[in-house]
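Structure data follow from upload.txt (compact mmCIF, C-alpha atoms):
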```txt
# COMPACT_ATOMS: atom_id res chain seq x y z
CA MET A 1 107.11 58.24 109.85
CA GLY A 2 105.20 58.70 113.12
CA THR A 3 101.87 60.50 113.36
CA SER A 4 103.33 63.43 115.27
CA LEU A 5 106.06 63.87 112.68
CA LEU A 6 103.51 63.85 109.86
CA ILE A 7 101.47 66.52 111.60
CA ALA A 8 104.56 68.65 112.14
CA ALA A 9 105.51 68.34 108.48
CA ALA A 10 101.99 69.28 107.39
CA VAL A 11 102.00 72.35 109.63
CA PHE A 12 105.39 73.39 108.19
CA VAL A 13 104.16 73.04 104.59
CA LEU A 14 101.00 74.99 105.45
CA ALA A 15 103.03 77.77 107.05
CA VAL A 16 105.34 78.03 104.04
CA GLY A 17 102.36 78.02 101.67
CA THR A 18 100.69 80.79 103.62
CA ALA A 19 103.85 82.90 103.58
CA VAL A 20 104.15 82.88 99.79
CA ASN A 21 100.44 83.50 99.20
CA GLY A 22 100.49 87.05 100.53
CA CYS A 23 102.71 90.08 100.40
CA PRO A 24 105.43 90.43 103.05
CA PRO A 25 104.46 92.41 106.15
CA SER A 26 107.23 94.89 105.32
CA ASP A 27 105.62 95.69 101.94
CA ARG A 28 102.21 96.10 103.56
CA ALA A 29 103.67 98.43 106.21
CA ALA A 30 105.38 100.53 103.51
CA LEU A 31 102.11 100.86 101.58
CA MET A 32 100.21 101.90 104.69
CA ALA A 33 102.82 104.57 105.43
CA PHE A 34 102.58 105.70 101.80
CA LYS A 35 98.77 105.88 102.13
CA ALA A 36 98.99 107.85 105.40
CA ALA A 37 100.67 110.75 103.59
CA LEU A 38 97.78 111.07 101.10
CA HIS A 39 94.17 112.18 101.35
CA GLU A 40 91.58 111.19 98.76
CA PRO A 41 88.12 112.41 99.88
CA TYR A 42 85.83 111.57 96.97
CA LEU A 43 86.47 108.19 95.37
CA GLY A 44 87.41 106.03 98.31
CA ILE A 45 90.14 104.20 96.40
CA PHE A 46 91.99 103.35 99.60
CA LYS A 47 88.99 101.56 101.13
CA SER A 48 90.23 98.41 99.44
CA TRP A 49 93.57 98.66 101.24
CA THR A 50 92.52 96.36 104.07
CA GLY A 51 93.61 92.95 105.28
CA ASN A 52 97.07 91.49 105.49
CA ASP A 53 97.55 90.64 101.82
CA CYS A 54 98.35 93.77 99.82
CA CYS A 55 98.51 91.63 96.67
CA ASN A 56 94.82 90.76 96.95
CA LYS A 57 92.52 93.38 95.40
CA TRP A 58 94.24 96.46 96.77
CA TYR A 59 93.31 99.18 94.30
CA GLY A 60 96.25 100.20 92.12
CA VAL A 61 98.66 97.66 93.62
CA SER A 62 100.13 94.76 91.65
CA CYS A 63 102.58 92.12 92.87
CA ASP A 64 105.04 89.76 91.28
CA PRO A 65 103.16 86.44 90.97
CA ILE A 66 106.13 84.41 92.22
CA THR A 67 107.75 86.50 94.94
CA LYS A 68 104.56 88.32 96.01
CA ARG A 69 106.59 91.50 96.35
CA VAL A 70 104.85 94.74 95.35
CA ALA A 71 105.87 95.47 91.76
CA ASP A 72 103.57 98.26 90.60
CA ILE A 73 101.67 101.21 92.04
CA ASN A 74 99.23 102.61 89.47
CA LEU A 75 97.09 105.45 90.79
CA ARG A 76 95.65 107.83 88.22
CA GLY A 77 93.31 110.72 88.89
CA GLU A 78 91.69 110.28 85.49
CA SER A 79 90.48 106.82 84.61
CA GLU A 80 87.67 104.82 83.05
CA ASP A 81 87.65 102.52 86.06
CA PRO A 82 84.12 101.92 87.46
CA ILE A 83 85.09 103.59 90.74
CA PHE A 84 85.45 106.88 88.85
CA GLN A 85 82.24 106.38 86.88
CA LYS A 86 80.31 105.70 90.06
CA ALA A 87 81.57 108.93 91.61
CA HIS A 88 80.71 110.88 88.42
CA ARG A 89 83.98 112.78 88.58
CA THR A 90 87.72 112.59 88.07
CA GLY A 91 89.86 112.27 91.12
CA TYR A 92 91.35 114.77 93.53
CA MET A 93 94.03 113.79 95.99
CA ASN A 94 96.30 115.90 98.14
CA GLY A 95 99.23 115.17 100.36
CA SER A 96 102.73 114.10 99.40
CA ILE A 97 104.69 111.05 98.28
CA SER A 98 106.09 109.42 101.40
CA PRO A 99 109.70 108.19 101.43
CA ALA A 100 108.19 104.92 102.67
CA ILE A 101 107.62 104.09 99.00
CA CYS A 102 111.37 103.46 98.73
CA LYS A 103 111.05 100.46 101.07
CA LEU A 104 109.24 98.71 98.22
CA ASP A 105 112.55 97.83 96.65
CA ARG A 106 111.05 95.59 93.95
CA LEU A 107 108.95 98.33 92.38
CA SER A 108 108.92 98.33 88.60
CA SER A 109 106.51 101.19 87.99
CA VAL A 110 105.19 104.11 90.02
CA ILE A 111 102.30 106.01 88.45
CA ILE A 112 100.77 108.72 90.64
CA ALA A 113 99.36 110.96 87.95
CA ASP A 114 96.73 113.63 87.32
CA TRP A 115 95.64 114.17 90.93
CA LYS A 116 96.27 117.94 90.82
CA GLY A 117 96.73 118.28 94.58
CA ILE A 118 99.77 116.13 95.40
CA SER A 119 102.62 118.41 96.44
CA GLY A 120 105.94 118.13 98.22
CA ILE A 121 109.08 116.76 96.59
CA ILE A 122 110.10 113.58 94.81
CA PRO A 123 111.69 111.55 97.63
CA PRO A 124 115.46 111.45 96.96
CA CYS A 125 115.49 107.76 97.87
CA ILE A 126 113.47 107.03 94.71
CA SER A 127 116.83 106.73 92.97
CA SER A 128 117.60 103.66 95.10
CA LEU A 129 114.89 101.51 93.46
CA PRO A 130 116.99 99.26 91.19
CA PHE A 131 114.10 97.77 89.19
CA LEU A 132 112.19 100.99 88.50
CA ARG A 133 111.23 101.31 84.82
CA ILE A 134 108.41 103.86 84.93
CA LEU A 135 108.06 107.00 87.06
CA ASP A 136 104.97 108.97 86.02
CA LEU A 137 104.00 111.92 88.22
CA ILE A 138 102.34 114.14 85.59
CA GLY A 139 99.62 116.58 86.58
CA ASN A 140 100.35 117.38 90.21
CA GLN A 141 101.88 120.17 92.30
CA ILE A 142 105.21 118.49 93.02
CA SER A 143 108.05 120.97 93.53
CA GLY A 144 111.74 120.97 94.29
CA GLN A 145 114.43 119.27 92.25
CA ILE A 146 114.58 115.90 90.59
CA PRO A 147 116.81 113.65 92.75
CA TYR A 148 120.36 113.96 91.48
CA ASN A 149 121.07 110.21 91.49
CA ILE A 150 118.03 109.37 89.39
CA GLY A 151 120.45 108.98 86.50
CA LYS A 152 121.71 105.79 88.15
CA LEU A 153 118.40 104.01 87.50
CA SER A 154 119.66 101.91 84.61
CA ARG A 155 116.23 100.40 83.88
CA LEU A 156 114.30 103.68 83.84
CA THR A 157 112.63 104.10 80.43
CA VAL A 158 109.73 106.45 81.26
CA LEU A 159 110.14 109.63 83.30
CA ASN A 160 107.07 111.87 83.11
CA ILE A 161 107.08 114.91 85.38
CA ALA A 162 105.21 117.36 83.14
CA ASP A 163 102.66 119.80 84.57
CA ASN A 164 104.25 120.11 88.01
CA LYS A 165 106.37 122.76 89.73
CA ILE A 166 109.74 121.06 89.34
CA THR A 167 112.75 123.39 89.34
CA GLY A 168 116.50 123.05 89.19
CA ARG A 169 118.60 120.59 87.24
CA MET A 170 118.62 116.87 86.65
CA PRO A 171 121.22 114.39 85.27
CA ARG A 172 120.82 113.80 81.49
CA ASN A 173 118.75 117.00 80.98
CA ALA A 174 118.45 120.55 82.32
CA ILE A 175 115.05 121.67 83.52
CA GLU A 176 116.45 125.21 83.52
CA GLY A 177 119.13 126.28 81.06
CA ASN A 178 120.49 124.36 78.09
CA ILE A 179 120.05 120.67 77.33
CA PRO A 180 123.56 119.18 77.54
CA ASP A 181 124.92 117.70 74.34
CA VAL A 182 125.65 114.33 75.94
CA PHE A 183 123.44 111.85 74.09
CA GLY A 184 124.79 108.87 72.17
CA PRO A 185 124.10 105.32 70.99
CA SER A 186 123.64 104.14 74.59
CA SER A 187 120.78 106.61 75.15
CA TYR A 188 117.42 104.81 75.11
CA PHE A 189 114.09 106.46 75.86
CA MET A 190 110.62 104.95 75.67
CA MET A 191 109.36 108.41 76.65
CA MET A 192 111.09 111.69 77.43
CA ASP A 193 108.62 114.42 78.38
CA LEU A 194 110.20 117.75 79.36
CA SER A 195 107.31 119.97 78.33
CA TYR A 196 106.25 123.05 80.32
CA ASN A 197 109.71 123.94 81.65
CA ASN A 198 112.30 126.67 81.07
CA LEU A 199 114.67 124.89 78.72
CA LYS A 200 116.68 127.29 76.55
CA GLY A 201 119.09 127.12 73.64
CA ALA A 202 119.09 124.48 70.92
CA ILE A 203 118.08 120.84 70.91
CA PRO A 204 121.46 119.06 70.93
CA LYS A 205 122.28 117.31 67.66
CA SER A 206 123.58 114.28 69.55
CA ILE A 207 120.03 113.37 70.59
CA ALA A 208 119.47 112.10 67.04
CA SER A 209 122.15 109.44 67.66
CA ALA A 210 120.18 107.80 70.51
CA SER A 211 119.54 104.10 70.01
CA TYR A 212 115.80 104.60 70.50
CA ILE A 213 113.34 107.43 71.18
CA GLY A 214 109.72 106.32 71.42
CA HIS A 215 108.15 109.63 72.40
CA LEU A 216 109.68 113.06 72.89
CA ASP A 217 107.87 116.18 74.10
CA LEU A 218 109.81 119.45 74.35
CA SER A 219 106.83 121.75 73.90
CA HIS A 220 106.23 124.87 76.01
CA ASN A 221 109.84 125.81 76.66
CA HIS A 222 112.22 128.50 75.30
CA LEU A 223 114.16 126.41 72.82
CA CYS A 224 115.51 127.86 69.58
CA GLY A 225 117.22 126.63 66.43
CA ALA A 226 116.87 123.73 64.03
CA ILE A 227 115.22 120.48 65.13
CA PRO A 228 117.83 117.72 64.56
CA ALA A 229 117.17 115.43 61.64
CA GLY A 230 117.05 111.72 62.36
CA SER A 231 114.92 108.63 62.01
CA TRP A 232 113.60 108.91 65.57
CA PHE A 233 112.12 112.31 64.75
CA ASP A 234 110.20 111.24 61.66
CA HIS A 235 107.18 110.00 63.63
CA LEU A 236 106.97 113.04 65.93
CA GLU A 237 104.25 115.60 65.37
CA ALA A 238 104.42 119.38 65.68
CA ALA A 239 102.80 119.12 69.13
CA SER A 240 106.11 117.81 70.47
CA PHE A 241 107.84 121.12 69.69
CA VAL A 242 105.21 123.89 69.74
CA ASN A 243 105.29 126.95 71.98
CA ASN A 244 109.03 127.44 71.99
CA ASP A 245 110.85 130.66 71.13
CA CYS A 246 112.19 129.90 67.67
CA LEU A 247 112.41 126.21 66.80
CA CYS A 248 112.27 125.35 63.12
CA GLY A 249 112.56 122.39 60.80
CA LYS A 250 110.45 119.27 60.35
CA PRO A 251 107.73 118.87 61.64
CA LEU A 252 107.54 122.68 62.14
CA LYS A 253 108.11 125.26 59.45
CA SER A 254 111.40 125.12 57.58
CA CYS A 255 114.36 127.11 58.88
```
Show how you would write the structure in this file as structure tokens.
Amino acid sequence: MGTSLLIAAAVFVLAVGTAVNGCPPSDRAALMAFKAALHEPYLGIFKSWTGNDCCNKWYGVSCDPITKRVADINLRGESEDPIFQKAHRTGYMNGSISPAICKLDRLSSVIIADWKGISGIIPPCISSLPFLRILDLIGNQISGQIPYNIGKLSRLTVLNIADNKITGRMPRNAIEGNIPDVFGPSSYFMMMDLSYNNLKGAIPKSIASASYIGHLDLSHNHLCGAIPAGSWFDHLEAASFVNNDCLCGKPLKSC
């Protein structure tokens, strides 16, 4: 092989190596658009979002080690991270969740929790993220309805929207009105938190037939009637059911 050909091959290998060592420009652009819709004045967590490689020490961002695609966004307003300790306070962030987040189509978890000032709606396109397992938006001022097609996220195991201003209905559950009696052996929940809403009526008996329920919180609603009996309810404490109109049965008082 001639010298020029060797050099060309080396340059090609170097270029390929560089490409897989950093996140794609499209992922970086999506994160920057996501950042532009938010304002965090105290902690400076976005100061680390510099450079071309969003997989390299960008606060709250994690990437798949092989594909270098952004896999996780983990931004919490309450944390033991040194950046919070240095500021001597919990976080405060305002703004909204940009639809640009949906361009990160390899996202596995989105945690934007306990910031108190994030408002706006859940972008409807969030239901187009096929690998999403965790969506945790607790403790904000998010309003509007849960995207209708969120029920199509077959990998979603954690949906936490408590302590927001969500209204309307969602597939699988009713934020207002009765909880549909539609659960069965194919229902699987690592966490189902519907606390602080306006749910009414009884807890459907079919929920006890779910294949797995890790955590359930129906507190602070207007539910009434007997709590279904089932193995998935044995580990739940009274806190999961308190502050309803007239729920009864284990772990509350007997009916």
Who sits within 6 Å of range 231-247 of chain A, only C-alpha atoms, same chain under 4 positions skipped, as a ChimeraX atom specification: /A:213,217-226,251-252
Within 12 Å of Trp58 in chain A using all atoms listed in the file, minus same-chain residues under 5 positions, as an MDAnalysis selection string: chainID A and resid 22:23 28 31:32 35 44:53 63 70 72:75
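Minimum distance to Ala100 in chain A across A:Ile227, A:Cys248, A:Met190, A:Ile122 (counting all atoms listed in the file) occurs at A:Ile122.
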One decimal place gives the CA of Tyr196 in chain A-CA of Gly184 in chain A separation as 24.7 Å
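Minimum distance to Ser187 in chain A across A:Gly214, A:Gly95, A:Pro147, A:Gly168 (counting all atoms listed in the file) occurs at A:Gly214.
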So, with all atoms listed in the file as the atoms that count, which of A:Pro124, A:Asn178, A:Leu137, A:Glu40 lies closest to Gly151 in chain A? A:Pro124
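The shortest atom-to-atom distance to Lys116 in chain A, with only C-alpha atoms taken into account, belongs to A:Arg76 out of A:Lys250, A:Arg133, A:Arg76, A:Lys200.
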Rank nothing, just name the residue among A:Ala162, A:Leu107, A:Ala113, A:Ile142 nearest to Met191 in chain A, using only C-alpha atoms. A:Ala162
Provide the CA of Leu156 in chain A to CA of Ala37 in chain A distance in Å, to one decimal place. 25.0 Å
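Relative to CA of Lys57 in chain A, CA of Asp81 in chain A is found at 13.9 Å.
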At a cut-off of 8 Å, using only C-alpha atoms, what residues contact Leu153 in chain A? Leave out same-chain residues fewer than 4 positions from it and give the result as number ranges by chain. A: 127-132, 149
The residue from A:Ala208, A:Ile146, A:Ile203, A:Leu43 with the smallest atom-to-atom distance to Tyr92 in chain A, counting only C-alpha atoms, is A:Leu43
